[in-house]
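Coordinates from structure-v8.tsv are shown below (TSV, C-alpha atoms).
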```tsv
chain	number	residue	atom	x	y	z
H	1	MET	CA	-19.01	-13.15	-1.22
H	2	THR	CA	-15.85	-14.90	-2.35
H	3	LYS	CA	-12.55	-13.06	-2.68
H	4	ASP	CA	-12.86	-13.07	-6.47
H	5	GLU	CA	-16.41	-11.70	-6.28
H	6	LEU	CA	-15.23	-8.92	-3.96
H	7	ARG	CA	-12.40	-8.03	-6.34
H	8	GLN	CA	-14.90	-7.90	-9.22
H	9	LEU	CA	-17.33	-5.75	-7.19
H	10	VAL	CA	-14.62	-3.21	-6.38
H	11	ARG	CA	-13.35	-3.27	-9.98
H	12	GLU	CA	-16.86	-2.32	-11.17
H	13	ARG	CA	-17.19	0.39	-8.51
H	14	TRP	CA	-13.82	1.84	-9.55
H	15	LYS	CA	-14.77	1.81	-13.25
H	16	ALA	CA	-18.00	3.68	-12.42
H	17	LEU	CA	-15.95	6.68	-11.23
H	18	SER	CA	-14.73	9.31	-13.68
H	19	PRO	CA	-11.01	10.15	-13.75
H	20	SER	CA	-11.78	13.50	-12.10
H	21	GLU	CA	-13.78	11.78	-9.32
H	22	ILE	CA	-10.88	9.40	-8.69
H	23	ALA	CA	-8.40	12.29	-8.62
H	24	GLY	CA	-10.55	14.36	-6.28
H	25	ARG	CA	-11.21	11.49	-3.88
H	26	THR	CA	-7.54	10.48	-3.95
H	27	GLN	CA	-6.53	14.06	-3.11
H	28	LEU	CA	-8.81	13.99	-0.04
H	29	ALA	CA	-7.46	10.59	1.05
H	30	LEU	CA	-3.88	11.86	0.68
H	31	GLN	CA	-4.65	14.94	2.80
H	32	ARG	CA	-6.04	12.67	5.50
H	33	ALA	CA	-2.99	10.36	5.17
H	34	ARG	CA	-0.53	13.26	5.51
H	35	ALA	CA	-2.33	14.48	8.65
H	36	PHE	CA	-2.21	10.96	10.12
H	37	LEU	CA	1.46	10.44	9.23
H	38	LEU	CA	2.38	13.65	11.05
H	39	THR	CA	1.36	11.80	14.26
H	40	VAL	CA	3.79	8.94	13.53
H	41	GLU	CA	7.42	8.97	14.61
H	42	PRO	CA	9.66	9.91	11.64
H	43	CYS	CA	11.32	6.81	10.21
H	44	LEU	CA	12.25	4.94	7.07
H	45	ALA	CA	8.94	4.21	5.35
H	46	ALA	CA	8.17	1.63	2.69
H	47	PHE	CA	5.74	2.64	-0.05
H	48	TYR	CA	4.77	1.18	-3.43
H	49	MET	CA	4.35	2.53	-6.94
H	50	PRO	CA	0.63	2.55	-7.74
H	51	MET	CA	-1.01	0.82	-10.65
H	52	PRO	CA	-3.66	2.67	-12.73
H	53	ASP	CA	-6.53	1.13	-10.73
H	54	GLU	CA	-5.13	2.22	-7.34
H	55	PRO	CA	-5.05	5.63	-5.65
H	56	ASP	CA	-1.99	7.57	-6.86
H	57	ILE	CA	0.14	7.78	-3.72
H	58	VAL	CA	3.19	9.28	-5.50
H	59	PRO	CA	2.45	12.74	-3.98
H	60	LEU	CA	2.55	11.09	-0.53
H	61	ILE	CA	5.96	9.55	-1.30
H	62	ARG	CA	7.28	12.92	-2.49
H	63	TRP	CA	5.90	14.62	0.64
H	64	TRP	CA	7.66	12.04	2.88
H	65	GLN	CA	10.93	12.67	1.04
H	66	GLU	CA	10.48	16.47	1.20
H	67	ARG	CA	10.40	16.08	4.99
H	68	GLY	CA	13.90	14.59	4.70
H	69	LEU	CA	12.74	11.08	5.56
H	70	PRO	CA	14.03	7.90	3.86
H	71	VAL	CA	11.88	5.92	1.44
H	72	ALA	CA	12.02	2.30	0.32
H	73	LEU	CA	10.10	0.78	-2.59
H	74	PRO	CA	9.59	-2.87	-3.55
H	75	ARG	CA	11.23	-4.95	-6.22
H	76	THR	CA	9.28	-8.04	-7.27
H	77	LEU	CA	11.41	-11.16	-7.50
H	78	VAL	CA	9.05	-13.24	-9.64
H	79	GLY	CA	11.22	-16.36	-9.72
H	80	GLU	CA	11.30	-16.43	-5.91
H	81	LYS	CA	7.70	-15.21	-5.55
H	82	ARG	CA	8.72	-12.53	-3.07
H	83	LEU	CA	9.33	-8.82	-2.58
H	84	GLU	CA	12.47	-7.07	-1.46
H	85	PHE	CA	12.69	-3.38	-0.66
H	86	ARG	CA	15.36	-0.96	-1.82
H	87	ARG	CA	16.03	2.57	-0.63
H	88	ILE	CA	15.53	5.29	-3.21
H	89	THR	CA	16.56	8.94	-3.15
H	90	ARG	CA	15.36	10.15	-6.55
H	91	LEU	CA	11.88	8.94	-7.38
H	92	ASP	CA	12.37	9.20	-11.13
H	93	ALA	CA	16.07	8.42	-11.63
H	94	ASP	CA	16.21	5.45	-9.25
H	95	LEU	CA	13.34	3.52	-10.88
H	96	GLN	CA	12.97	1.19	-13.86
H	97	ILE	CA	10.10	-0.87	-15.25
H	98	GLY	CA	9.97	-4.18	-13.43
H	99	ALA	CA	7.66	-7.15	-13.02
H	100	PHE	CA	4.03	-6.66	-14.08
H	101	GLY	CA	4.97	-3.32	-15.72
H	102	ILE	CA	5.34	-1.60	-12.33
H	103	ARG	CA	8.10	0.93	-11.75
H	104	GLU	CA	10.52	-0.37	-9.12
H	105	PRO	CA	13.98	0.45	-7.77
H	106	LYS	CA	17.01	-0.42	-9.84
H	107	PRO	CA	19.11	-3.31	-8.46
H	108	SER	CA	21.86	-0.77	-7.64
H	109	CYS	CA	19.66	0.91	-4.99
H	110	PRO	CA	20.62	-0.04	-1.40
H	111	PHE	CA	18.85	-3.10	0.02
H	112	VAL	CA	16.57	-2.51	3.03
H	113	ALA	CA	16.19	-5.39	5.49
H	114	PRO	CA	12.64	-6.02	6.75
H	115	GLU	CA	13.67	-5.17	10.34
H	116	GLU	CA	14.59	-1.63	9.20
H	117	ILE	CA	10.99	-0.92	8.13
H	118	ARG	CA	8.91	0.72	10.86
H	119	LEU	CA	6.12	1.94	8.61
H	120	ILE	CA	4.75	0.46	5.39
H	121	VAL	CA	2.02	1.73	3.08
H	122	VAL	CA	0.44	-1.39	1.60
H	123	PRO	CA	-1.48	-1.67	-1.68
H	124	GLY	CA	-4.72	-3.58	-2.00
H	125	ARG	CA	-7.74	-4.07	-4.21
H	126	VAL	CA	-10.31	-4.45	-1.40
H	127	PHE	CA	-10.31	-3.62	2.33
H	128	ASP	CA	-12.81	-4.20	5.09
H	129	GLU	CA	-13.56	-2.18	8.19
H	130	CYS	CA	-11.34	-4.42	10.33
H	131	GLY	CA	-8.18	-3.89	8.26
H	132	ASN	CA	-8.35	-7.10	6.26
H	133	ARG	CA	-7.15	-6.70	2.69
H	134	LEU	CA	-7.28	-8.41	-0.67
H	135	GLY	CA	-4.43	-7.86	-3.05
H	136	ARG	CA	-4.25	-9.21	-6.56
H	137	GLY	CA	-4.18	-12.81	-5.35
H	138	LEU	CA	-0.49	-13.71	-5.70
H	139	GLY	CA	0.42	-13.34	-2.01
H	140	TYR	CA	3.58	-11.25	-2.45
H	141	TYR	CA	2.60	-8.69	0.19
H	142	ASP	CA	1.21	-11.19	2.70
H	143	ARG	CA	4.50	-13.10	2.57
H	144	PHE	CA	6.55	-9.92	2.97
H	145	LEU	CA	4.42	-8.46	5.77
H	146	LYS	CA	5.05	-11.58	7.85
H	147	THR	CA	8.80	-10.76	7.83
H	148	LEU	CA	8.36	-7.29	9.36
H	149	PRO	CA	8.86	-6.50	13.05
H	150	LYS	CA	5.63	-7.06	15.00
H	151	ASP	CA	5.34	-3.36	15.83
H	152	ALA	CA	5.79	-2.10	12.25
H	153	LEU	CA	2.81	0.08	11.34
H	154	LYS	CA	0.92	-1.18	8.29
H	155	ILE	CA	-1.20	1.47	6.55
H	156	ALA	CA	-3.39	1.45	3.44
H	157	VAL	CA	-4.60	4.46	1.46
H	158	ALA	CA	-7.83	3.58	-0.34
H	159	LEU	CA	-11.02	5.05	-1.71
H	160	GLU	CA	-14.37	4.32	-0.09
H	161	VAL	CA	-15.36	2.28	-3.18
H	162	GLN	CA	-12.67	-0.22	-2.10
H	163	ILE	CA	-14.23	-0.77	1.34
H	164	VAL	CA	-16.57	-3.70	1.96
H	165	PRO	CA	-18.16	-4.85	5.25
H	166	ARG	CA	-16.23	-8.11	5.48
H	167	ILE	CA	-13.51	-10.00	3.62
H	168	PRO	CA	-13.21	-13.77	4.13
H	169	THR	CA	-9.77	-14.40	5.61
H	170	GLN	CA	-7.35	-17.29	5.81
H	171	PRO	CA	-4.46	-17.85	8.25
H	172	ASN	CA	-1.85	-16.60	5.74
H	173	ASP	CA	-3.65	-13.24	5.24
H	174	VAL	CA	-2.02	-10.27	7.00
H	175	PRO	CA	-4.28	-7.31	7.87
H	176	VAL	CA	-3.23	-3.67	7.96
H	177	ASP	CA	-3.43	-1.58	11.13
H	178	VAL	CA	-4.98	1.50	9.51
H	179	VAL	CA	-7.03	2.15	6.36
H	180	ILE	CA	-7.25	5.80	5.32
H	181	THR	CA	-9.92	6.86	2.81
H	182	GLU	CA	-11.26	10.18	1.59
H	183	ARG	CA	-13.95	10.02	4.30
H	184	ARG	CA	-12.47	8.32	7.34
H	185	ILE	CA	-9.67	6.50	9.11
H	186	LEU	CA	-10.36	2.88	10.06
H	187	PHE	CA	-8.31	1.23	12.77
H	188	ARG	CA	-7.97	-2.54	13.04
H	189	PRO	CA	-9.62	-3.71	16.25
H	190	ARG	CA	-7.13	-4.85	18.89
H	191	THR	CA	-7.65	-8.48	19.86
```
Can I see the file as structure tokens?
Amino acid sequence: MTKDELRQLVRERWKALSPSEIAGRTQLALQRARAFLLTVEPCLAAFYMPMPDEPDIVPLIRWWQERGLPVALPRTLVGEKRLEFRRITRLDADLQIGAFGIREPKPSCPFVAPEEIRLIVVPGRVFDECGNRLGRGLGYYDRFLKTLPKDALKIAVALEVQIVPRIPTQPNDVPVDVVITERRILFRPRT
């Protein structure tokens, strides 16, 4: 299947779930994600603000902050076709509506350099069992992920309906190290 066909397949799978099914499955995925993150060295973590057709990871962000750990969120610089991350302390007060209608940090929030990020939770529309991901097709995350330190841990929180056997990849695609769903944790094979 092509990337667009895979996005369409997952979009249809997502639409077939009721809001309560999505909420229940997301809750299970978040429990699994919290358990996994307790095994990771505490650090500044980069997250994202979810869109309506993505698992709601806001409780995971709040949980990270409640542990006293720093959080960064992305700002989309549309003119430059890139992301930058800013540190936030108050999830509601520090955000404004940004590009594509997504809540993002205000420009006054402190800038976070890519080398400061040791852990990033990455959004995606579709994932495969080897950690490959499809975003929305604009490449913002792939470009940003290439700027991170090589040992930065890249994690995705997804629902099983977003998992496919294989995604066609290209050299500019950046996989994640771990995909956490309501049923399992998938680790990218080491090459």
**Request:** Can you pull out every residue within 12 Å of H:Arg34, counting only C-alpha atoms, but drop anything in the same chain fewer than 2 positions away, and send it as a PyMOL selection string?
**Result:** chain H and resi 27-32+36-40+57+59-64+67+155+157+180-182+185
**Asked** With distances taken over only C-alpha atoms, which of H:Leu148, H:Lys154, H:Arg133, H:Gln8 is nearest to H:Asp173?
**Response**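 That would be H:Arg133, the residue with the smallest distance to H:Asp173.
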**Request:** Fewer than 6 positions away in the same chain doesn't count, so skip those; otherwise give me all residues within 8 Å of H:Pro70, counting all atoms listed in the file, as a list in words.
**Result:**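 Once the nearby chain positions are removed, what remains is Cys43, Leu44, Ala45, Trp64, Arg87, Ile88 and Thr89 of chain H.
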**Request:** Have a look at H:Met1, H:Met49, H:Gly24, H:Arg7 and name the one nearest to H:Gly137; count all atoms listed in the file.
**Result:**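 Closest to H:Gly137 of all the choices is H:Arg7.
When only C-alpha atoms are used to compute distances to H:Ile120, the closest of the residues H:Pro165, H:Pro74, H:Gly139, H:Pro107 turns out to be H:Pro74.
Going from atom CA of H:Arg188 over to atom CA of H:Val121, you cover 14.7 Å.
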**Request:** Return the single residue from H:Pro175, H:Ala46, H:Asp128, H:Pro52 that is closest to H:Lys15, with distances computed using all atoms listed in the file.
**Result:**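 Checking each candidate against H:Lys15, we get H:Pro52 as the closest.
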**Asked** What does the distance between atom CA of H:Lys106 and atom CA of H:Phe144 come to in Å, to one decimal place?
**Response**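 Atom-to-atom, atom CA of H:Lys106 and atom CA of H:Phe144 are spaced 19.1 Å apart.
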**Asked** With all atoms listed in the file as the basis for distance, which of H:Leu91, H:Leu83, H:Leu119, H:Leu159 is at the shortest distance from H:Leu17?
**Response**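 Once distances to H:Leu17 are computed over all atoms listed in the file, the minimum belongs to H:Leu159.
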**Message:** Measuring between all atoms listed in the file, which one of H:Arg118, H:Arg11, H:Arg103, H:Lys146 shows the shortest distance to H:Val71?
**Reply:**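 Using all atoms listed in the file, the shortest distance to H:Val71 belongs to H:Arg118.
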**Selection: 9 Å around H:Asn172, only C-alpha atoms, excl. self and same-chain fewer than 2 positions, as a PyMOL selection string** = chain H and resi 139+142-143+146+169-170+174
**Request:** Find the residues near H:Glu129: any atom within 8 Å, counting only C-alpha atoms, skip ones fewer than 2 places away on the same chain, and give them as a PyMOL selection string.
**Result:** chain H and resi 127+131-132+163-166+186-188
**Request:** May I ask for the distance between atom CA of H:Thr76 and atom CA of H:Ile117, given in Å to one decimal place?
**Result:**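 So the two atoms, atom CA of H:Thr76 and atom CA of H:Ile117, lie 17.1 Å apart.
Using all atoms listed in the file, the protein and nucleic acid residues lying no more than 6 Å from H:Arg75, apart from those fewer than 5 places from it along its own chain, are Leu83, Glu84, Phe85 and Glu104 of chain H.
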Since the input is missing atoms for stretch 100-111 of chain H, could you rebuild it with all heavy atoms and give the result as a PDB file, in the frame of the given file?
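What ended up in selection22.pdb:
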```
ATOM      1  N   PHE H 100       5.433  -7.091 -13.915  1.00  0.00           N
ATOM      2  CA  PHE H 100       4.030  -6.660 -14.080  1.00  0.00           C
ATOM      3  C   PHE H 100       3.919  -5.223 -14.596  1.00  0.00           C
ATOM      4  O   PHE H 100       2.881  -4.579 -14.420  1.00  0.00           O
ATOM      5  CB  PHE H 100       3.243  -6.840 -12.772  1.00  0.00           C
ATOM      6  CG  PHE H 100       3.396  -8.199 -12.142  1.00  0.00           C
ATOM      7  CD1 PHE H 100       4.068  -8.363 -10.950  1.00  0.00           C
ATOM      8  CD2 PHE H 100       2.899  -9.338 -12.782  1.00  0.00           C
ATOM      9  CE1 PHE H 100       4.231  -9.628 -10.375  1.00  0.00           C
ATOM     10  CE2 PHE H 100       3.056 -10.601 -12.220  1.00  0.00           C
ATOM     11  CZ  PHE H 100       3.722 -10.740 -11.016  1.00  0.00           C
ATOM     12  N   GLY H 101       5.002  -4.685 -15.169  1.00  0.00           N
ATOM     13  CA  GLY H 101       4.970  -3.320 -15.720  1.00  0.00           C
ATOM     14  C   GLY H 101       4.984  -2.226 -14.673  1.00  0.00           C
ATOM     15  O   GLY H 101       4.716  -1.069 -14.971  1.00  0.00           O
ATOM     16  N   ILE H 102       5.323  -2.571 -13.436  1.00  0.00           N
ATOM     17  CA  ILE H 102       5.340  -1.600 -12.330  1.00  0.00           C
ATOM     18  C   ILE H 102       6.743  -1.011 -12.200  1.00  0.00           C
ATOM     19  O   ILE H 102       7.749  -1.738 -12.287  1.00  0.00           O
ATOM     20  CB  ILE H 102       4.941  -2.288 -11.008  1.00  0.00           C
ATOM     21  CG1 ILE H 102       3.555  -2.922 -11.135  1.00  0.00           C
ATOM     22  CG2 ILE H 102       4.967  -1.304  -9.846  1.00  0.00           C
ATOM     23  CD1 ILE H 102       3.201  -3.850  -9.983  1.00  0.00           C
ATOM     24  N   ARG H 103       6.802   0.305 -11.984  1.00  0.00           N
ATOM     25  CA  ARG H 103       8.100   0.930 -11.750  1.00  0.00           C
ATOM     26  C   ARG H 103       8.626   0.484 -10.379  1.00  0.00           C
ATOM     27  O   ARG H 103       7.889   0.461  -9.401  1.00  0.00           O
ATOM     28  CB  ARG H 103       7.997   2.467 -11.797  1.00  0.00           C
ATOM     29  CG  ARG H 103       7.701   2.967 -13.213  1.00  0.00           C
ATOM     30  CD  ARG H 103       7.751   4.471 -13.311  1.00  0.00           C
ATOM     31  NE  ARG H 103       6.820   5.091 -12.371  1.00  0.00           N
ATOM     32  CZ  ARG H 103       6.955   6.333 -11.896  1.00  0.00           C
ATOM     33  NH1 ARG H 103       7.982   7.079 -12.239  1.00  0.00           N
ATOM     34  NH2 ARG H 103       6.060   6.827 -11.066  1.00  0.00           N
ATOM     35  N   GLU H 104       9.914   0.097 -10.364  1.00  0.00           N
ATOM     36  CA  GLU H 104      10.520  -0.370  -9.120  1.00  0.00           C
ATOM     37  C   GLU H 104      11.983   0.061  -9.075  1.00  0.00           C
ATOM     38  O   GLU H 104      12.554   0.452 -10.096  1.00  0.00           O
ATOM     39  CB  GLU H 104      10.396  -1.893  -9.007  1.00  0.00           C
ATOM     40  CG  GLU H 104      11.050  -2.664 -10.110  1.00  0.00           C
ATOM     41  CD  GLU H 104      10.843  -4.176  -9.989  1.00  0.00           C
ATOM     42  OE1 GLU H 104       9.777  -4.621  -9.531  1.00  0.00           O
ATOM     43  OE2 GLU H 104      11.779  -4.903 -10.358  1.00  0.00           O
ATOM     44  N   PRO H 105      12.586   0.007  -7.883  1.00  0.00           N
ATOM     45  CA  PRO H 105      13.980   0.450  -7.770  1.00  0.00           C
ATOM     46  C   PRO H 105      14.930  -0.383  -8.625  1.00  0.00           C
ATOM     47  O   PRO H 105      14.727  -1.583  -8.806  1.00  0.00           O
ATOM     48  CB  PRO H 105      14.300   0.256  -6.280  1.00  0.00           C
ATOM     49  CG  PRO H 105      12.983   0.210  -5.597  1.00  0.00           C
ATOM     50  CD  PRO H 105      12.022  -0.381  -6.592  1.00  0.00           C
ATOM     51  N   LYS H 106      15.958   0.283  -9.109  1.00  0.00           N
ATOM     52  CA  LYS H 106      17.010  -0.420  -9.840  1.00  0.00           C
ATOM     53  C   LYS H 106      17.769  -1.319  -8.851  1.00  0.00           C
ATOM     54  O   LYS H 106      17.834  -1.022  -7.657  1.00  0.00           O
ATOM     55  CB  LYS H 106      17.974   0.597 -10.463  1.00  0.00           C
ATOM     56  CG  LYS H 106      17.320   1.444 -11.542  1.00  0.00           C
ATOM     57  CD  LYS H 106      18.270   2.500 -12.066  1.00  0.00           C
ATOM     58  CE  LYS H 106      17.577   3.325 -13.151  1.00  0.00           C
ATOM     59  NZ  LYS H 106      18.402   4.463 -13.580  1.00  0.00           N
ATOM     60  N   PRO H 107      18.363  -2.408  -9.355  1.00  0.00           N
ATOM     61  CA  PRO H 107      19.110  -3.310  -8.460  1.00  0.00           C
ATOM     62  C   PRO H 107      20.260  -2.615  -7.735  1.00  0.00           C
ATOM     63  O   PRO H 107      20.699  -3.075  -6.690  1.00  0.00           O
ATOM     64  CB  PRO H 107      19.639  -4.399  -9.401  1.00  0.00           C
ATOM     65  CG  PRO H 107      18.777  -4.324 -10.614  1.00  0.00           C
ATOM     66  CD  PRO H 107      18.305  -2.898 -10.725  1.00  0.00           C
ATOM     67  N   SER H 108      20.739  -1.487  -8.271  1.00  0.00           N
ATOM     68  CA  SER H 108      21.860  -0.770  -7.640  1.00  0.00           C
ATOM     69  C   SER H 108      21.433   0.018  -6.398  1.00  0.00           C
ATOM     70  O   SER H 108      22.282   0.455  -5.622  1.00  0.00           O
ATOM     71  CB  SER H 108      22.496   0.180  -8.652  1.00  0.00           C
ATOM     72  OG  SER H 108      21.511   1.080  -9.159  1.00  0.00           O
ATOM     73  N   CYS H 109      20.134   0.192  -6.176  1.00  0.00           N
ATOM     74  CA  CYS H 109      19.660   0.910  -4.990  1.00  0.00           C
ATOM     75  C   CYS H 109      19.935   0.065  -3.742  1.00  0.00           C
ATOM     76  O   CYS H 109      19.833  -1.158  -3.788  1.00  0.00           O
ATOM     77  CB  CYS H 109      18.170   1.214  -5.100  1.00  0.00           C
ATOM     78  SG  CYS H 109      17.764   2.387  -6.410  1.00  0.00           S
ATOM     79  N   PRO H 110      20.272   0.714  -2.619  1.00  0.00           N
ATOM     80  CA  PRO H 110      20.620  -0.040  -1.400  1.00  0.00           C
ATOM     81  C   PRO H 110      19.474  -0.910  -0.886  1.00  0.00           C
ATOM     82  O   PRO H 110      18.333  -0.463  -0.793  1.00  0.00           O
ATOM     83  CB  PRO H 110      20.956   1.051  -0.375  1.00  0.00           C
ATOM     84  CG  PRO H 110      21.221   2.280  -1.180  1.00  0.00           C
ATOM     85  CD  PRO H 110      20.418   2.157  -2.440  1.00  0.00           C
ATOM     86  N   PHE H 111      19.813  -2.146  -0.543  1.00  0.00           N
ATOM     87  CA  PHE H 111      18.850  -3.100   0.020  1.00  0.00           C
ATOM     88  C   PHE H 111      18.407  -2.634   1.402  1.00  0.00           C
ATOM     89  O   PHE H 111      19.201  -2.130   2.182  1.00  0.00           O
ATOM     90  CB  PHE H 111      19.514  -4.484   0.111  1.00  0.00           C
ATOM     91  CG  PHE H 111      18.668  -5.525   0.780  1.00  0.00           C
ATOM     92  CD1 PHE H 111      17.612  -6.130   0.099  1.00  0.00           C
ATOM     93  CD2 PHE H 111      18.905  -5.895   2.096  1.00  0.00           C
ATOM     94  CE1 PHE H 111      16.821  -7.100   0.714  1.00  0.00           C
ATOM     95  CE2 PHE H 111      18.119  -6.867   2.716  1.00  0.00           C
ATOM     96  CZ  PHE H 111      17.081  -7.466   2.025  1.00  0.00           C
TER      97      PHE H 111
END
```
